[in-house]
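Okay, so here's the structure we're looking at.
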Amino acid sequence: MSWPFLAVFFSGWLFVDASYRGPRWQRWVFKPVTLLLMLLMAWQAPVLGAAGYLIVFGLLATLIGDALLLLPRERVLYAIGAFFLSHLLYTLSFASQMTFSLFWPLPLTLLVIGALLLATIWSRLEEMRWPIATLVAMTLLMVWLAGEHYFLRSTDFGFSLLAGASLLLLANIVWLLNRYRFSFRAADAIVAFCYFTGHFLIVRSLYL
């Protein structure tokens, strides 16, 4: 996995750097390139199975969502739909590999995080309220199932899923706060780092 890892790392670093201080063309190039490299990495996993294919299709949905946000006139509603589909496919992948259990502190913590986030941005969302609320709910569900994996077995596989899903949640939180409540310069770089690292850790689970 060393060469695919190095390719993803280098391409992702160029995008994160561009998000903070680089030219716009560099962001346009290296965001889809990094996701395509991760798709290739996922496709080369030793054994894909149903759960692996769901992760591959989730990455494809993410790629479509990113393409919609990079258009000259953003298609935010459609992009949110694509990200919702991506997280749904990840969630189905996690659910297909687990025996259900319930670790109460995790869903309670996630409910608090979701409620605080929506309360902070709700008045600024206008017609986007319910699409974004649905995306947040799906992302929280994805993190919950990934967490159940880890707390049930405490394996490296479960940790990779939990860390990856948690970073995708953090990326969404920063993106929404920056877009709808208050802007800060480092937001794009933080989102890019959490976003790519989160997807990479989920793809990495296919090798464990």
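Residue numbering restarts at 1 for every chain of the structure tokens, chains are lettered A, B, ... in their displayed order, and ligands are numbered from 1 as they appear.
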Within 10 Å of stretch 120-142 of chain A, which residues of stretch 2-116 of chain A show up? Give each one with its shortest atom-to-atom distance in Å (one decimal) and the two atoms involved, counting only C-alpha atoms, rows by chain then rising residue number, as a tab-separated table.
```
residue	atom	partner	partner_atom	distance
A:Val76	CA	A:Met128	CA	9.1
A:Leu77	CA	A:Pro131	CA	7.3
A:Tyr78	CA	A:Pro131	CA	9.7
A:Ile80	CA	A:Leu135	CA	6.9
A:Gly81	CA	A:Pro131	CA	7.7
A:Ala82	CA	A:Leu135	CA	9.7
A:Phe83	CA	A:Leu135	CA	7.4
A:Phe84	CA	A:Leu135	CA	5.3
A:Leu85	CA	A:Leu135	CA	9.0
A:Ser86	CA	A:Thr139	CA	9.6
A:His87	CA	A:Thr139	CA	6.1
A:Leu88	CA	A:Met138	CA	6.7
A:Leu89	CA	A:Met142	CA	9.2
A:Tyr90	CA	A:Met142	CA	6.9
A:Thr91	CA	A:Met142	CA	4.8
A:Leu92	CA	A:Met142	CA	8.5
A:Ser93	CA	A:Met142	CA	9.7
A:Phe94	CA	A:Met142	CA	7.9
A:Ala95	CA	A:Met142	CA	9.2
A:Pro107	CA	A:Leu140	CA	8.3
A:Thr109	CA	A:Leu140	CA	9.9
A:Leu110	CA	A:Leu140	CA	6.2
A:Leu111	CA	A:Leu140	CA	7.7
A:Ile113	CA	A:Leu140	CA	8.8
A:Gly114	CA	A:Val136	CA	6.8
A:Ala115	CA	A:Thr120	CA	8.5
A:Leu116	CA	A:Thr120	CA	6.1
```
Each stretch 61-176 of chain A residue no farther than 8 Å from stretch 184-208 of chain A, nearest pair in Å, only C-alpha atoms, as a tab-separated table:
```
residue	atom	partner	partner_atom	distance
A:Asp156	CA	A:Leu208	CA	7.4
A:Phe157	CA	A:Ser205	CA	5.4
A:Gly158	CA	A:Ser205	CA	7.9
A:Ser160	CA	A:Leu201	CA	5.4
A:Leu161	CA	A:Ile202	CA	5.3
A:Ala163	CA	A:Gly198	CA	6.9
A:Gly164	CA	A:Gly198	CA	3.7
A:Ala165	CA	A:Gly198	CA	6.0
A:Ser166	CA	A:Gly198	CA	7.3
A:Leu167	CA	A:Gly198	CA	4.9
A:Leu168	CA	A:Gly198	CA	5.3
A:Leu170	CA	A:Cys194	CA	6.8
A:Ala171	CA	A:Val191	CA	4.6
A:Asn172	CA	A:Val191	CA	7.4
A:Val174	CA	A:Val191	CA	6.3
A:Trp175	CA	A:Val191	CA	6.3
```
*Suppose you want the space between atom CA of A:Tyr180 and atom CA of A:Leu71; what is it in Å?*
19.5 Å
*Would you return as a ChimeraX atom specification the members of stretch 58-185 of chain A that DSSP assigns to alpha helix (DSSP H) on this structure's backbone?*
/A:58-70,76-95,105-125,129-153,156-180
*What is the atom CA of A:Ser96 to atom CA of A:Leu48 distance in Å?*
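We find that atom CA of A:Ser96 and atom CA of A:Leu48 lie 12.9 Å from each other.
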